[in-house]
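Take a look at the structure set out below.
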Amino acid sequence: MATTTTKTDDAVDALVPAFASHVKLSGCDIDGISRGKLVNRSKFLKTTDQEFGFCNVVFGWDSHDLTYDTKDVPLEDGGYPDIIAKADLSSARKLAWEDDLPLFLVDFYDPKTSKPLPHCPRSLLKRMVALGAELGVKAGVGIEYEFYNFSETPETIAKKKGTDLTPLTPGMFGYSLTRTHVNKGYFLEILNTCNKMNVQLEGYHTETGPGVYEVAIQYNDPVSLADQAHLFKTITKCVGVNHKVTPTFMAKPHNNLPGCSGHIHISLGGLLSGPKNMFVRPNPDIPPSGDDWWDQPLAEGEQLVSKHVTSLLRWFLAGVLEGLPSVMAIFAPTVNSYKRLVENYWAPVTVSYGIENRTAAIRLITPPTCSPAATRLEIRVPGADANPYLAVAAIMACGLEGVKRKMTLTLPPSTGEDAMTNKRLARDLKDAYEEMGKEGSFARTVLGDGFVDHFVGTRRHEWGIWARAVTNWELMRYLETV
């Protein structure tokens, strides 16, 4: 199992400059929110293995710090005792907006067993990376975020009660070179801060919609990619404060405009030797001989899909398709997520895949559209609101289960919009978490009962708050008329 990186005392000391009186520790909660604190420099350097106490309430409350009902989300030892936060020294960075204060990301451990908490997002992803290594593969992953930006501050949003917010720029203007110039201070500070903090942006531009940007985070190993995606959200929010801008990664800020996606690209390669991309066949015009375990002849009833792809890709794809309904609550974790997943907005709503098909849940990108080395799957279901650690972990867990079982891909690829005729994915959060929580669900098989029980409880809590809320829509529709 993957473990948190440790180094010698001298190496640790070198990561914390003498001018820094404190170190910042940051962990990711179940909603993908950064939770952290400052630790005195001398304490950080003296503490064995850089382990620190951290109240377990970080996994016992929601995004607004409302504690969960312990019947829904049981935490060991009532009373909110400490869990262990262990700094991953390989994640060291300097906080560009806080005078280069050292930053370390942490993993959370059970102090009784010294094992990673089953519901720690970063640890869960590390577990999937270790599973891939056991199977002889490593993943390469990329992610794209769309996000709206508003010329608002927390104070003005509160005063307006979240309505009639002013977009950073008006109108629909995707790939605009002038709109970024209008707010170049904000736009460039995000870019420069990402460069300083090793968050590698492959692409960055305006997207269609008022005040919408899109960013592509460069392909990397799963944990590094998720770290950078997680940090990117924090960076944009902190930079936004300097410019009185509030970015949002919620899935659907406007009911009449496109939502915000968080598409994830993935491929598998060999560990130390062999092909860097084992999803693509080296000689597509020659039938597979069966000599390579990952490039086998078609099984009976299996879809060819494309002469360019290997059986490894088909097994992985079959696993993701099989697990998709069961892990839907991870890809779409909020009540608002399902406002994005509606027909006619290029948002996937069914269990489906297709070659270069952007209406399907999974888009297969393969030659001749791309180079052989770039052959990959794009999982189009996740929104920008999904926790990147959990979303990547769920994809890997489902896909690797397909590899383990050598699942036969029987579903044919979709062309055009015929993907809409396939099995419908959950229409709301309640349907999604109930599917995930079923006894013997695919999610339980690949992610474990410990994680699923905790996560389902947090989503049940979220749905309960929504179910009891009286909304502006209800007031406008019923106050006078009934």
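Chain lettering (A, B, ...) mirrors the order of the structure tokens, residue numbering begins at 1 for each chain separately, and ligand numbering begins at 1 in order of display.
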**Study point:** Shell of 9 Å around Ala347 (chain A), only C-alpha atoms, local chain residues under 5 positions omitted, as a VMD selection string
**Key:** chain A and resid 258 to 259 261 340 to 342 358 to 361 380 to 381
Export, as a PDB file, in the first residue's frame, the selected residues with all heavy atoms.
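See again04.pdb below for the written result:
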```
ATOM      1  N   PRO A 258     -25.047  27.004 -19.660  1.00  0.00           N
ATOM      2  CA  PRO A 258     -24.351  25.734 -19.444  1.00  0.00           C
ATOM      3  C   PRO A 258     -23.730  25.656 -18.053  1.00  0.00           C
ATOM      4  O   PRO A 258     -23.386  26.673 -17.445  1.00  0.00           O
ATOM      5  CB  PRO A 258     -23.266  25.743 -20.528  1.00  0.00           C
ATOM      6  CG  PRO A 258     -23.789  26.668 -21.585  1.00  0.00           C
ATOM      7  CD  PRO A 258     -24.562  27.726 -20.857  1.00  0.00           C
ATOM      8  N   GLY A 259     -23.576  24.437 -17.568  1.00  0.00           N
ATOM      9  CA  GLY A 259     -22.975  24.226 -16.263  1.00  0.00           C
ATOM     10  C   GLY A 259     -21.464  24.115 -16.347  1.00  0.00           C
ATOM     11  O   GLY A 259     -20.852  24.335 -17.398  1.00  0.00           O
ATOM     12  N   SER A 261     -18.227  21.746 -15.925  1.00  0.00           N
ATOM     13  CA  SER A 261     -17.791  20.349 -15.923  1.00  0.00           C
ATOM     14  C   SER A 261     -16.421  20.220 -15.276  1.00  0.00           C
ATOM     15  O   SER A 261     -15.692  21.194 -15.103  1.00  0.00           O
ATOM     16  CB  SER A 261     -17.756  19.807 -17.352  1.00  0.00           C
ATOM     17  OG  SER A 261     -16.743  20.465 -18.089  1.00  0.00           O
ATOM     18  N   ARG A 340     -26.999  20.383 -13.722  1.00  0.00           N
ATOM     19  CA  ARG A 340     -26.113  20.380 -14.897  1.00  0.00           C
ATOM     20  C   ARG A 340     -26.388  19.180 -15.787  1.00  0.00           C
ATOM     21  O   ARG A 340     -26.296  19.273 -17.021  1.00  0.00           O
ATOM     22  CB  ARG A 340     -24.649  20.359 -14.426  1.00  0.00           C
ATOM     23  CG  ARG A 340     -23.646  19.992 -15.507  1.00  0.00           C
ATOM     24  CD  ARG A 340     -22.220  19.912 -14.993  1.00  0.00           C
ATOM     25  NE  ARG A 340     -21.382  19.189 -15.945  1.00  0.00           N
ATOM     26  CZ  ARG A 340     -21.015  17.929 -15.836  1.00  0.00           C
ATOM     27  NH1 ARG A 340     -21.385  17.225 -14.767  1.00  0.00           N
ATOM     28  NH2 ARG A 340     -20.272  17.350 -16.757  1.00  0.00           N
ATOM     29  N   LEU A 341     -26.724  18.049 -15.174  1.00  0.00           N
ATOM     30  CA  LEU A 341     -26.864  16.794 -15.908  1.00  0.00           C
ATOM     31  C   LEU A 341     -28.269  16.645 -16.462  1.00  0.00           C
ATOM     32  O   LEU A 341     -29.082  15.848 -15.989  1.00  0.00           O
ATOM     33  CB  LEU A 341     -26.500  15.625 -14.988  1.00  0.00           C
ATOM     34  CG  LEU A 341     -25.041  15.636 -14.503  1.00  0.00           C
ATOM     35  CD1 LEU A 341     -24.821  14.603 -13.423  1.00  0.00           C
ATOM     36  CD2 LEU A 341     -24.085  15.411 -15.669  1.00  0.00           C
ATOM     37  N   VAL A 342     -28.556  17.470 -17.462  1.00  0.00           N
ATOM     38  CA  VAL A 342     -29.858  17.438 -18.135  1.00  0.00           C
ATOM     39  C   VAL A 342     -29.623  17.359 -19.641  1.00  0.00           C
ATOM     40  O   VAL A 342     -28.551  17.706 -20.134  1.00  0.00           O
ATOM     41  CB  VAL A 342     -30.704  18.680 -17.789  1.00  0.00           C
ATOM     42  CG1 VAL A 342     -31.080  18.692 -16.320  1.00  0.00           C
ATOM     43  CG2 VAL A 342     -29.965  19.974 -18.156  1.00  0.00           C
ATOM     44  N   ARG A 358     -19.117  13.552 -27.757  1.00  0.00           N
ATOM     45  CA  ARG A 358     -19.212  14.407 -26.577  1.00  0.00           C
ATOM     46  C   ARG A 358     -20.601  14.387 -25.937  1.00  0.00           C
ATOM     47  O   ARG A 358     -20.847  15.113 -24.973  1.00  0.00           O
ATOM     48  CB  ARG A 358     -18.815  15.838 -26.932  1.00  0.00           C
ATOM     49  CG  ARG A 358     -17.306  16.028 -27.087  1.00  0.00           C
ATOM     50  CD  ARG A 358     -16.949  17.475 -27.372  1.00  0.00           C
ATOM     51  NE  ARG A 358     -15.528  17.737 -27.219  1.00  0.00           N
ATOM     52  CZ  ARG A 358     -14.617  17.572 -28.152  1.00  0.00           C
ATOM     53  NH1 ARG A 358     -14.970  17.106 -29.346  1.00  0.00           N
ATOM     54  NH2 ARG A 358     -13.349  17.853 -27.918  1.00  0.00           N
ATOM     55  N   THR A 359     -21.519  13.607 -26.485  1.00  0.00           N
ATOM     56  CA  THR A 359     -22.824  13.464 -25.831  1.00  0.00           C
ATOM     57  C   THR A 359     -22.859  12.227 -24.937  1.00  0.00           C
ATOM     58  O   THR A 359     -23.827  12.020 -24.208  1.00  0.00           O
ATOM     59  CB  THR A 359     -23.962  13.365 -26.871  1.00  0.00           C
ATOM     60  OG1 THR A 359     -23.832  12.145 -27.607  1.00  0.00           O
ATOM     61  CG2 THR A 359     -23.934  14.537 -27.825  1.00  0.00           C
ATOM     62  N   ALA A 360     -21.829  11.398 -25.009  1.00  0.00           N
ATOM     63  CA  ALA A 360     -21.770  10.166 -24.216  1.00  0.00           C
ATOM     64  C   ALA A 360     -21.085  10.428 -22.877  1.00  0.00           C
ATOM     65  O   ALA A 360     -20.375  11.426 -22.694  1.00  0.00           O
ATOM     66  CB  ALA A 360     -21.022   9.079 -24.989  1.00  0.00           C
ATOM     67  N   ALA A 361     -21.282   9.502 -21.927  1.00  0.00           N
ATOM     68  CA  ALA A 361     -20.662   9.636 -20.615  1.00  0.00           C
ATOM     69  C   ALA A 361     -19.152   9.506 -20.698  1.00  0.00           C
ATOM     70  O   ALA A 361     -18.415  10.128 -19.926  1.00  0.00           O
ATOM     71  CB  ALA A 361     -21.234   8.588 -19.665  1.00  0.00           C
ATOM     72  N   ARG A 380     -16.757  12.128 -18.838  1.00  0.00           N
ATOM     73  CA  ARG A 380     -17.395  13.439 -18.973  1.00  0.00           C
ATOM     74  C   ARG A 380     -18.493  13.689 -17.937  1.00  0.00           C
ATOM     75  O   ARG A 380     -19.102  14.752 -17.928  1.00  0.00           O
ATOM     76  CB  ARG A 380     -17.973  13.579 -20.381  1.00  0.00           C
ATOM     77  CG  ARG A 380     -16.905  13.564 -21.467  1.00  0.00           C
ATOM     78  CD  ARG A 380     -17.500  13.693 -22.862  1.00  0.00           C
ATOM     79  NE  ARG A 380     -18.319  14.869 -23.036  1.00  0.00           N
ATOM     80  CZ  ARG A 380     -17.869  16.096 -23.251  1.00  0.00           C
ATOM     81  NH1 ARG A 380     -16.554  16.314 -23.314  1.00  0.00           N
ATOM     82  NH2 ARG A 380     -18.702  17.118 -23.406  1.00  0.00           N
ATOM     83  N   VAL A 381     -18.733  12.721 -17.062  1.00  0.00           N
ATOM     84  CA  VAL A 381     -19.808  12.884 -16.077  1.00  0.00           C
ATOM     85  C   VAL A 381     -19.442  13.848 -14.951  1.00  0.00           C
ATOM     86  O   VAL A 381     -20.276  14.667 -14.550  1.00  0.00           O
ATOM     87  CB  VAL A 381     -20.218  11.513 -15.504  1.00  0.00           C
ATOM     88  CG1 VAL A 381     -21.324  11.681 -14.471  1.00  0.00           C
ATOM     89  CG2 VAL A 381     -20.674  10.576 -16.612  1.00  0.00           C
TER      90      VAL A 381
END
```
Near region 181-193 of chain A, 9 Å: region 199-221 of chain A residue rows, closest pairs, only C-alpha atoms, as a Markdown table:
```
| residue | atom | partner | partner_atom | distance |
| --- | --- | --- | --- | --- |
| A:Val199 | CA | A:Thr193 | CA | 8.3 |
| A:Leu201 | CA | A:Leu191 | CA | 7.8 |
| A:Tyr204 | CA | A:Leu191 | CA | 8.4 |
```
List every residue of region 96-171 of chain A that has an atom at most 12 Å from any atom of region 305-325 of chain A, and for each one report the closest atom pair and its distance in Å to one decimal, counting only C-alpha atoms, with rows sorted by chain and then by increasing residue number, as a tab-separated table.
```
residue	atom	partner	partner_atom	distance
A:Gly132	CA	A:Phe316	CA	11.4
A:Leu135	CA	A:Leu312	CA	11.2
A:Gly136	CA	A:Leu312	CA	11.5
A:Val137	CA	A:Leu312	CA	10.1
A:Ala139	CA	A:Phe316	CA	11.4
```
* Please identify all polymer residues within 8 Å of Leu124 (chain A), counting only C-alpha atoms, omitting same-chain residues fewer than 6 positions from it, and present them as a list in words. =>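 These residues fall inside the cut-off: Pro118, Tyr389, Leu390 and Ala393 of chain A.
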Write out the residues from the selection above, keeping all heavy atoms, as a compact mmCIF listing (two decimals), in the first residue's frame.
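Full text of part_14.txt as output:
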```txt
# COMPACT_ATOMS: atom_id res chain seq x y z
N PRO A 118 -10.38 5.34 6.08
CA PRO A 118 -11.00 4.88 4.83
C PRO A 118 -11.69 5.99 4.06
O PRO A 118 -11.88 5.88 2.86
CB PRO A 118 -12.00 3.82 5.31
CG PRO A 118 -12.24 4.13 6.74
CD PRO A 118 -10.96 4.69 7.27
N TYR A 389 -9.78 14.08 -5.77
CA TYR A 389 -9.22 12.83 -5.26
C TYR A 389 -10.23 11.70 -5.38
O TYR A 389 -9.91 10.59 -5.83
CB TYR A 389 -8.81 12.98 -3.79
CG TYR A 389 -7.70 13.97 -3.54
CD1 TYR A 389 -7.97 15.22 -2.99
CD2 TYR A 389 -6.38 13.66 -3.82
CE1 TYR A 389 -6.96 16.14 -2.74
CE2 TYR A 389 -5.35 14.57 -3.58
CZ TYR A 389 -5.65 15.81 -3.04
OH TYR A 389 -4.64 16.72 -2.80
N LEU A 390 -11.47 11.97 -4.97
CA LEU A 390 -12.49 10.93 -5.00
C LEU A 390 -12.89 10.58 -6.42
O LEU A 390 -13.13 9.41 -6.74
CB LEU A 390 -13.72 11.38 -4.20
CG LEU A 390 -13.51 11.64 -2.71
CD1 LEU A 390 -14.85 11.97 -2.04
CD2 LEU A 390 -12.86 10.45 -2.03
N ALA A 393 -10.16 8.52 -7.96
CA ALA A 393 -10.14 7.23 -7.27
C ALA A 393 -11.28 6.35 -7.75
O ALA A 393 -11.11 5.14 -7.95
CB ALA A 393 -10.22 7.43 -5.76
```
Using only C-alpha atoms, what does the table of region 339-388 of chain A residues within 12 Å of region 294-304 of chain A look like, with each row giving the shortest atom pair and its distance in Å to one decimal, sorted by chain and ascending number, as JSON lines?
```
{"residue": "A:Tyr353", "atom": "CA", "partner": "A:Gln303", "partner_atom": "CA", "distance": 11.9}
{"residue": "A:Gly354", "atom": "CA", "partner": "A:Gln303", "partner_atom": "CA", "distance": 11.8}
{"residue": "A:Ile355", "atom": "CA", "partner": "A:Leu304", "partner_atom": "CA", "distance": 11.8}
```
Contacts of Val16 (chain A) within 8 Å, only C-alpha atoms, excl. fewer than 3 positions in-chain, as a VMD selection string: chain A and resid 12 to 13 20 23 41 102
